[in-house]
Structures are given as structure tokens and as C-alpha cells.
Amino acid sequence: MPWLLRMTLLVALIMLPAILYLSFRYYATFKSHRIKRAAFPLVLLSFYTYPVAAVIDYYLTGSIDLLDYPQPLAYWFWLGLVFVFQLVTWVLITDLIKVISDVFSGNKNIVSQRYPQILVALLAGVFLFTSQKTYLHTTQVKAEHISIPIENLPASLEGFKIAHITDIQGDEYTGRDEIQNYIDKLSVQQPDLIIFTGDLISYGTDFIEMSAQELGKAKATYSTIGVVGDHDYWAGLNNVEPALKKQDIPLLQNQNLTISIDSATKITVTGVTEVYSKSSNPDTVDSLAASSPNSALKIFASHQVKDHLIDAAKQHNYNLMLAGHTHGGQIHVPFFGMNFSASEEETKYVQGLYHEQGIPINVNNGLGFTLAPIRYEAPPNISVITLEAK
């Protein structure tokens with residue numbers, strides 16, 4: 001069974017207890033209204049149209065490509081994930097209040113009397129809220145401005161702007177228009193240097209040229225520099241690297257690159273290949289970092305963050321680390337005021353700016369998707385890092 005289908009079925013299984021509980025509460029509340037008591041469980045079960053159709057298709061044909069499925073089915077299923085957990089939170093809170101009220105006030109309390117209306121109001125309110133928020137967090141690109149103080153920063157680098165982007169992931173969901181909009185928002189920031197921390201495409205080779213062409217339109221004073229992402233590696237670096245090279249974007253593969261700002265000021269970017277299929281060797285990383293020039297600014301870039309990379313950056317006096325990979329968590333499932341994402345099970349470096357061993361580590365949300373074609377609490381963003389003297 002394909003990985004994408006297995007993960008989709010796992011998510012469907014995780015949703016099941018919430019769906020069963022909500023269906024039970026709605027069915028039990030509207031016993032005297034046959035249409036009403038059946039309507040809500042049917043709506044909840046409709047979220048499963050996507051995985052059920054996929055399983056039937058797979059066992060009938062022996063193969064399946066979920067990315068070829070009608071996109072509304074995929075959107076509906078993943079919206080359902082966010083919706084049912086947001087809704088079950090509020091229904092459980094209401095049920096708790098109802099039980100407490102029944103104990104102290106009897107069944108004459110307002111919560112018991114108005115429970116059916118409250119349930120309908122929660123259904124409508126939560127659906128509108130999660131739908132709008134999911135739409136905005138999926139489609140609206142944010143530019144996040146970060147100031148990083150640097151010791152002994154030369155005057156020529158005061159106010160220098162580094163735009164950090166990642167995980168463009170060109171595919172059926174993230175096409176030319178979406179990437180173009182992302183790059184337009186990037187160019188408006190007027191960065192001096194752009195660093196792209198990997199995953200130009202989601203899979204295969206069909207979207208490599210298009211994604212590289214759009215990335216190549218990004219405007220920076222000095223350069224755009226890339227490192228290898230998981231999906232780049234799987235698609236074949238012999239396909240990705242030439243496409244980026246056509247756009248004058250070097251793809252650093254365990255390499256140092258030095259940029260001259262003026263005759264006395266240089267910036268070194270160290271790009272390390274740190275992906276699932278090719279984890280970097282700590283000795284190789286240490287040797288690479290040790291051989292980097294003693295520049296005014298040293299930047300360490302990789303797709304994933306690992307402890308040995310942080311150790312090497314610290315030991316060899318790097319000023320900044322940049323990474324992507326997590327999509328900011330992409331979907332943070334809400335439950336009782338807490339948000340859970342799959343990325344948190346893999347790494348603590350999920351979204352935003354961290355500090356480890358005195359080194360700022362920025363993890364950018366990127367643009368595209370893995371598995372689900374939506375985002376929630378992790379909107380696509382551009383990190384605009386401005387240097388200032390410490």
C-alpha cells in the first residue's frame with residue numbers, strides 16, 4: 001500500500017473516536033427528529049469519502065495516486081480533521097458544564113434546556129471558524145521580520161537583509177500561480193541575500209523546471225543560494241541541480257560558498273545535505289565547517305536540524321543557522337486549547353526562531369505541502385532576517 005494512502009488511513013483512524021462521540025451526542029439529542037438526528041452523523045461520515053474511495057480504488061485496480069484524486073475530496077477530508085477535533089473540544093466542555101449543572105440545579109438549568117440549540121450553534125460556529133482559518137492559513141503568505149544581533153558586525157552589514165525560504169514543493173496543489181505569488185511577496189522585501197533550504201518539488205520530476213523557473217525570478221542584491229531537501233534528493237539531484245543552475249542558483253552539497261560584499265567584508269554560507277536518505281556524517285560536517293573562511297558573517301544552512309550540526313556551527317563560530325523541512329507543523333490539530341502536529345514527534349525545531357548554544361536557528365514554514373493540501377496554525381511564510389550590531 002502506498003505511503004500516502006497508509007498515512008491518510010492512519011489520520012482517518014485517529015479521527016474516528018471524535019466522530020463516533022459527536023455522532024452519538026447529536027443522535028441522542030435529536031431522538032424525536034429523524035432527519036436532524038441522521039443529518040449530522042452523515043455530514044461527519046462524509047469526511048471519509050476520500051480515504052474510503054481511495055481504498056476501494058486501490059484494491060480494485062492494484063495501484064493509486066492520491067494526487068490525481070479530485071482536490072475537493074482531499075480538502076474536505078483534511079478540513080474534517082481540524083473541524084472534528086475543534087468541535088469535540090467544545091462539545092465535551094458543554095457536556096461537562098451540563099453534567100455539573102444537572103447535579104447542582106437539576107434538569108431545569110439553562111444548559112440542559114438549551115442543549116440542542118447549543119449543539120447546533122457549536123456545529124455552525126466551529127465549522128465557519130475552522131473553514132475560514134484553514135483557508136487563510138493555507139493561502140495567505142506572511143512575511144515575518146526578525147532582527148538578529150551580531151557581535152562585531154561591520155558597518156557594511158548593518159541592516160543587511162537575508163530572506164529565508166524553504167519547501168516550495170511544486171506539485172498539483174502548489175502550481176505556478178501559487179509559487180509566483182510566493183516569490184512576488186519575497187521580492188517585495190528587497191532582500192540582499194536569499195537562502196532556500198530545500199524541497200523544490202513534492203515528488204517526481206514533472207514540476208522541477210517550473211518550480212526552478214519561478215524561484216529564479218526572486219530578486220536579491222547579491223544571490224539566491226539553495227541546499228538539498230528530502231524531495232530534491234528523491235527526485236534525483238541530477239534533475240534538480242541543473243534546473244537550478246539554469247537560474248544561477250547554486251545548490252550547495254556539503255560545500256562552502258563565500259560572497260564578497262565589499263573589498264573588506266565577506267559572507268560565508270555553508271550548505272549541508274541533511275535529509276532522511278542521506279544523513280550527514282558528523283566528521284564530514286566538522287571538517288567542512290572548520291575549512292570555512294573566517295568571514296564577517298557565517299551562515300549554516302541545511303534542510304533538517306540535527307544536534308551535530310548545531311555543535312559544528314557553535315564550535316566554528318557561525319552566527320546563524322537556517323532550516324526548513326517541518327512546514328511549521330503544517331497542521332496543528334486543536335484539542336482542549338492545545339495544538340498537536342506530527343512534526344513535534346520528530347523534532348523540537350518546528351517553527352520560528354530558536355536559540356541553542358548561543359546560535360539563532362530559524363525554521364521557516366515554507367510554502368507547499370506534504371500529505372495534506374491544507375495548513376492550520378502554520379501559514380506559509382517568508383523569514384526576513386535583518387542584521388544589527390550587538
# chains A, B, ... in the order shown; residues from 1 in each chain; ligands from 1

$ select_by_dssp --residues "stretch 28-272 of chain A" --states "helix (DSSP H, G or I)" --output "ChimeraX atom specification"
/A:28-29,34-46,49-61,66-68,71-108,110-113,115-139,155-157,176-188,208-215,230-235,237-246

$ write_last_selection --atoms "C-alpha atoms" --output "short mmCIF file (atom, residue, chain, number, x, y, z; two decimals), in the first residue's frame"
data_model
loop_
_atom_site.label_atom_id
_atom_site.label_comp_id
_atom_site.auth_asym_id
_atom_site.auth_seq_id
_atom_site.Cartn_x
_atom_site.Cartn_y
_atom_site.Cartn_z
CA ALA A 28 -29.11 11.08 21.24
CA THR A 29 -30.08 14.75 21.42
CA ARG A 34 -35.45 11.69 12.44
CA ILE A 35 -33.99 13.95 9.77
CA LYS A 36 -31.99 16.05 12.24
CA ARG A 37 -30.58 13.09 14.15
CA ALA A 38 -29.38 11.44 10.92
CA ALA A 39 -28.06 14.59 9.23
CA PHE A 40 -25.10 15.32 11.47
CA PRO A 41 -23.61 11.79 11.54
CA LEU A 42 -23.91 11.73 7.73
CA VAL A 43 -22.02 15.02 7.49
CA LEU A 44 -19.25 13.63 9.71
CA LEU A 45 -19.05 10.41 7.74
CA SER A 46 -18.79 12.41 4.50
CA THR A 49 -15.34 9.84 1.29
CA TYR A 50 -11.72 10.47 0.30
CA PRO A 51 -10.00 7.60 2.16
CA VAL A 52 -12.83 5.11 1.54
CA ALA A 53 -12.86 5.81 -2.21
CA ALA A 54 -9.06 5.54 -2.26
CA VAL A 55 -9.05 2.14 -0.52
CA ILE A 56 -11.72 0.76 -2.87
CA ASP A 57 -9.82 2.10 -5.86
CA TYR A 58 -6.56 0.62 -4.64
CA TYR A 59 -7.96 -2.87 -4.08
CA LEU A 60 -9.86 -2.85 -7.38
CA THR A 61 -7.01 -1.58 -9.56
CA LEU A 66 -3.97 10.22 -4.44
CA LEU A 67 -2.64 13.40 -6.03
CA ASP A 68 -4.77 12.61 -9.08
CA GLN A 71 -8.95 18.04 -4.99
CA PRO A 72 -12.23 18.96 -3.22
CA LEU A 73 -12.34 15.44 -1.72
CA ALA A 74 -8.86 15.87 -0.26
CA TYR A 75 -9.61 19.36 1.08
CA TRP A 76 -12.85 18.13 2.69
CA PHE A 77 -11.13 15.24 4.46
CA TRP A 78 -8.27 17.32 5.88
CA LEU A 79 -10.60 20.14 6.87
CA GLY A 80 -12.60 17.46 8.67
CA LEU A 81 -9.53 16.57 10.77
CA VAL A 82 -9.29 20.10 12.13
CA PHE A 83 -13.05 20.58 12.41
CA VAL A 84 -13.93 17.42 14.36
CA PHE A 85 -11.22 17.94 16.99
CA GLN A 86 -12.11 21.59 17.41
CA LEU A 87 -15.80 20.69 17.68
CA VAL A 88 -15.37 17.73 20.03
CA THR A 89 -13.46 20.02 22.39
CA TRP A 90 -16.41 22.41 22.67
CA VAL A 91 -19.00 19.63 22.88
CA LEU A 92 -17.04 17.92 25.68
CA ILE A 93 -16.80 21.23 27.56
CA THR A 94 -20.55 21.77 27.10
CA ASP A 95 -21.29 18.22 28.27
CA LEU A 96 -19.14 18.77 31.35
CA ILE A 97 -20.95 22.01 32.17
CA LYS A 98 -24.28 20.23 31.60
CA VAL A 99 -23.38 17.40 34.00
CA ILE A 100 -22.26 19.84 36.70
CA SER A 101 -25.38 21.97 36.20
CA ASP A 102 -27.63 18.90 36.39
CA VAL A 103 -26.03 17.86 39.67
CA PHE A 104 -26.46 21.24 41.34
CA SER A 105 -29.56 22.64 39.63
CA GLY A 106 -31.48 19.66 38.28
CA ASN A 107 -32.63 19.37 34.69
CA LYS A 108 -34.20 22.83 34.81
CA ILE A 110 -30.44 26.58 31.05
CA VAL A 111 -27.71 24.34 29.62
CA SER A 112 -29.99 21.27 29.73
CA GLN A 113 -32.96 23.21 28.38
CA TYR A 115 -28.64 21.86 24.83
CA PRO A 116 -29.99 21.05 21.32
CA GLN A 117 -29.70 24.71 20.28
CA ILE A 118 -26.21 24.93 21.80
CA LEU A 119 -25.14 21.84 19.86
CA VAL A 120 -26.37 23.31 16.56
CA ALA A 121 -24.74 26.67 17.32
CA LEU A 122 -21.44 24.96 18.08
CA LEU A 123 -21.62 22.98 14.87
CA ALA A 124 -22.22 26.10 12.76
CA GLY A 125 -19.81 28.36 14.63
CA VAL A 126 -16.91 25.93 14.76
CA PHE A 127 -17.32 24.99 11.10
CA LEU A 128 -17.28 28.64 9.98
CA PHE A 129 -14.32 29.41 12.22
CA THR A 130 -12.16 26.44 11.18
CA SER A 131 -13.05 26.81 7.49
CA GLN A 132 -12.05 30.46 7.38
CA LYS A 133 -8.91 29.98 9.43
CA THR A 134 -7.83 26.98 7.37
CA TYR A 135 -8.37 28.94 4.14
CA LEU A 136 -6.34 31.90 5.38
CA HIS A 137 -3.53 29.77 6.80
CA THR A 138 -3.34 27.77 3.57
CA THR A 139 -3.40 30.62 1.07
CA ALA A 155 29.10 48.76 9.23
CA SER A 156 28.61 47.44 5.67
CA LEU A 157 26.37 44.66 7.04
CA ARG A 176 2.93 28.13 -10.93
CA ASP A 177 0.45 30.73 -9.67
CA GLU A 178 1.00 29.84 -6.02
CA ILE A 179 4.79 29.82 -6.36
CA GLN A 180 4.73 33.05 -8.36
CA ASN A 181 2.71 34.75 -5.61
CA TYR A 182 5.20 33.49 -3.01
CA ILE A 183 8.18 34.77 -4.98
CA ASP A 184 6.48 38.11 -5.60
CA LYS A 185 5.96 38.53 -1.85
CA LEU A 186 9.63 37.62 -1.39
CA SER A 187 10.96 40.13 -3.92
CA VAL A 188 8.90 42.95 -2.39
CA ILE A 208 11.17 20.68 -11.33
CA GLU A 209 11.65 23.06 -14.28
CA MET A 210 8.57 25.12 -13.46
CA SER A 211 9.47 25.46 -9.78
CA ALA A 212 13.09 26.36 -10.58
CA GLN A 213 11.96 28.96 -13.12
CA GLU A 214 9.71 30.65 -10.57
CA LEU A 215 12.37 30.54 -7.85
CA ASP A 230 14.40 15.35 1.06
CA HIS A 231 12.19 15.58 -2.02
CA ASP A 232 15.02 17.02 -4.10
CA TYR A 233 17.13 14.02 -3.17
CA TRP A 234 14.35 11.56 -4.00
CA ALA A 235 13.64 13.27 -7.34
CA LEU A 237 19.90 15.71 -7.79
CA ASN A 238 20.93 15.14 -11.40
CA ASN A 239 17.50 16.58 -12.27
CA VAL A 240 17.19 19.30 -9.63
CA GLU A 241 20.69 20.77 -9.70
CA PRO A 242 20.79 21.54 -13.47
CA ALA A 243 17.35 23.18 -13.29
CA LEU A 244 18.55 25.48 -10.51
CA LYS A 245 21.85 26.10 -12.25
CA LYS A 246 19.96 27.47 -15.27
#

$ select_by_dssp --residues "stretch 250-368 of chain A" --states "strand (DSSP E)" --output "MDAnalysis selection string"
chainID A and resid 251:252 255:260 266:272 297:302 320:323 333:335 338:340 352:356 359:363

$ residues_around --residues "stretch 141-143 of chain A" --least-positions-apart "5" --cutoff "8 Å" --atoms "only C-alpha atoms" --output "PyMOL selection string"
chain A and resi 182+185-186+367+379-384

$ closest_residue --among "A:Leu297, A:Leu288, A:Ile201, A:Val333" --to "A:Leu320" --atoms "only C-alpha atoms"
A:Leu297

$ atom_distance --atom1 "atom CA of A:Ile19" --atom2 "atom CA of A:Phe340"
17.8 Å

$ decode --residues "stretch 185-255 of chain A" --atoms "C-alpha atoms" --output "PDB file, in the first residue's frame"
ATOM      1  CA  LYS A 185       5.964  38.534  -1.853  1.00  0.00           C
ATOM      2  CA  LEU A 186       9.626  37.624  -1.385  1.00  0.00           C
ATOM      3  CA  SER A 187      10.963  40.127  -3.924  1.00  0.00           C
ATOM      4  CA  VAL A 188       8.904  42.947  -2.392  1.00  0.00           C
ATOM      5  CA  GLN A 189      11.038  42.566   0.758  1.00  0.00           C
ATOM      6  CA  GLN A 190      14.093  43.664  -1.269  1.00  0.00           C
ATOM      7  CA  PRO A 191      16.468  41.164   0.340  1.00  0.00           C
ATOM      8  CA  ASP A 192      20.216  41.355  -0.065  1.00  0.00           C
ATOM      9  CA  LEU A 193      20.581  37.563   0.046  1.00  0.00           C
ATOM     10  CA  ILE A 194      18.071  34.722  -0.390  1.00  0.00           C
ATOM     11  CA  ILE A 195      18.694  31.295   1.128  1.00  0.00           C
ATOM     12  CA  PHE A 196      16.425  28.413   0.154  1.00  0.00           C
ATOM     13  CA  THR A 197      16.649  25.413   2.489  1.00  0.00           C
ATOM     14  CA  GLY A 198      15.386  22.687   0.194  1.00  0.00           C
ATOM     15  CA  ASP A 199      12.412  20.789  -1.274  1.00  0.00           C
ATOM     16  CA  LEU A 200      11.845  22.463  -4.610  1.00  0.00           C
ATOM     17  CA  ILE A 201       9.171  19.905  -5.528  1.00  0.00           C
ATOM     18  CA  SER A 202       6.994  17.298  -3.815  1.00  0.00           C
ATOM     19  CA  TYR A 203       7.695  14.233  -5.926  1.00  0.00           C
ATOM     20  CA  GLY A 204       8.804  13.051  -9.360  1.00  0.00           C
ATOM     21  CA  THR A 205      10.288  15.323 -11.991  1.00  0.00           C
ATOM     22  CA  ASP A 206       7.269  16.968 -13.663  1.00  0.00           C
ATOM     23  CA  PHE A 207       7.404  20.174 -11.610  1.00  0.00           C
ATOM     24  CA  ILE A 208      11.167  20.680 -11.331  1.00  0.00           C
ATOM     25  CA  GLU A 209      11.648  23.063 -14.280  1.00  0.00           C
ATOM     26  CA  MET A 210       8.570  25.124 -13.457  1.00  0.00           C
ATOM     27  CA  SER A 211       9.475  25.461  -9.776  1.00  0.00           C
ATOM     28  CA  ALA A 212      13.089  26.356 -10.582  1.00  0.00           C
ATOM     29  CA  GLN A 213      11.963  28.959 -13.118  1.00  0.00           C
ATOM     30  CA  GLU A 214       9.707  30.652 -10.566  1.00  0.00           C
ATOM     31  CA  LEU A 215      12.375  30.543  -7.852  1.00  0.00           C
ATOM     32  CA  GLY A 216      14.792  32.051 -10.361  1.00  0.00           C
ATOM     33  CA  LYS A 217      12.582  35.152 -10.602  1.00  0.00           C
ATOM     34  CA  ALA A 218      13.315  36.047  -6.977  1.00  0.00           C
ATOM     35  CA  LYS A 219      15.279  39.287  -6.767  1.00  0.00           C
ATOM     36  CA  ALA A 220      18.156  39.783  -4.329  1.00  0.00           C
ATOM     37  CA  THR A 221      21.045  42.241  -4.289  1.00  0.00           C
ATOM     38  CA  TYR A 222      23.662  39.510  -4.283  1.00  0.00           C
ATOM     39  CA  SER A 223      22.453  35.955  -4.795  1.00  0.00           C
ATOM     40  CA  THR A 224      19.959  33.158  -4.218  1.00  0.00           C
ATOM     41  CA  ILE A 225      21.524  30.039  -2.702  1.00  0.00           C
ATOM     42  CA  GLY A 226      19.928  26.613  -2.189  1.00  0.00           C
ATOM     43  CA  VAL A 227      20.586  23.424  -0.230  1.00  0.00           C
ATOM     44  CA  VAL A 228      19.244  19.914  -0.751  1.00  0.00           C
ATOM     45  CA  GLY A 229      15.858  18.837   0.639  1.00  0.00           C
ATOM     46  CA  ASP A 230      14.398  15.353   1.056  1.00  0.00           C
ATOM     47  CA  HIS A 231      12.185  15.584  -2.023  1.00  0.00           C
ATOM     48  CA  ASP A 232      15.024  17.024  -4.102  1.00  0.00           C
ATOM     49  CA  TYR A 233      17.132  14.025  -3.175  1.00  0.00           C
ATOM     50  CA  TRP A 234      14.355  11.564  -4.003  1.00  0.00           C
ATOM     51  CA  ALA A 235      13.637  13.270  -7.343  1.00  0.00           C
ATOM     52  CA  GLY A 236      17.322  12.979  -8.251  1.00  0.00           C
ATOM     53  CA  LEU A 237      19.896  15.709  -7.789  1.00  0.00           C
ATOM     54  CA  ASN A 238      20.928  15.140 -11.402  1.00  0.00           C
ATOM     55  CA  ASN A 239      17.495  16.577 -12.267  1.00  0.00           C
ATOM     56  CA  VAL A 240      17.189  19.299  -9.632  1.00  0.00           C
ATOM     57  CA  GLU A 241      20.695  20.770  -9.705  1.00  0.00           C
ATOM     58  CA  PRO A 242      20.794  21.544 -13.472  1.00  0.00           C
ATOM     59  CA  ALA A 243      17.348  23.175 -13.286  1.00  0.00           C
ATOM     60  CA  LEU A 244      18.548  25.483 -10.512  1.00  0.00           C
ATOM     61  CA  LYS A 245      21.852  26.105 -12.250  1.00  0.00           C
ATOM     62  CA  LYS A 246      19.959  27.473 -15.271  1.00  0.00           C
ATOM     63  CA  GLN A 247      18.549  30.094 -12.919  1.00  0.00           C
ATOM     64  CA  ASP A 248      22.016  30.908 -11.491  1.00  0.00           C
ATOM     65  CA  ILE A 249      21.104  29.320  -8.160  1.00  0.00           C
ATOM     66  CA  PRO A 250      23.943  27.219  -6.713  1.00  0.00           C
ATOM     67  CA  LEU A 251      22.844  24.082  -4.866  1.00  0.00           C
ATOM     68  CA  LEU A 252      25.303  23.578  -2.018  1.00  0.00           C
ATOM     69  CA  GLN A 253      26.005  19.918  -1.251  1.00  0.00           C
ATOM     70  CA  ASN A 254      28.347  19.870   1.736  1.00  0.00           C
ATOM     71  CA  GLN A 255      30.036  22.971   0.393  1.00  0.00           C
TER      72      GLN A 255
END
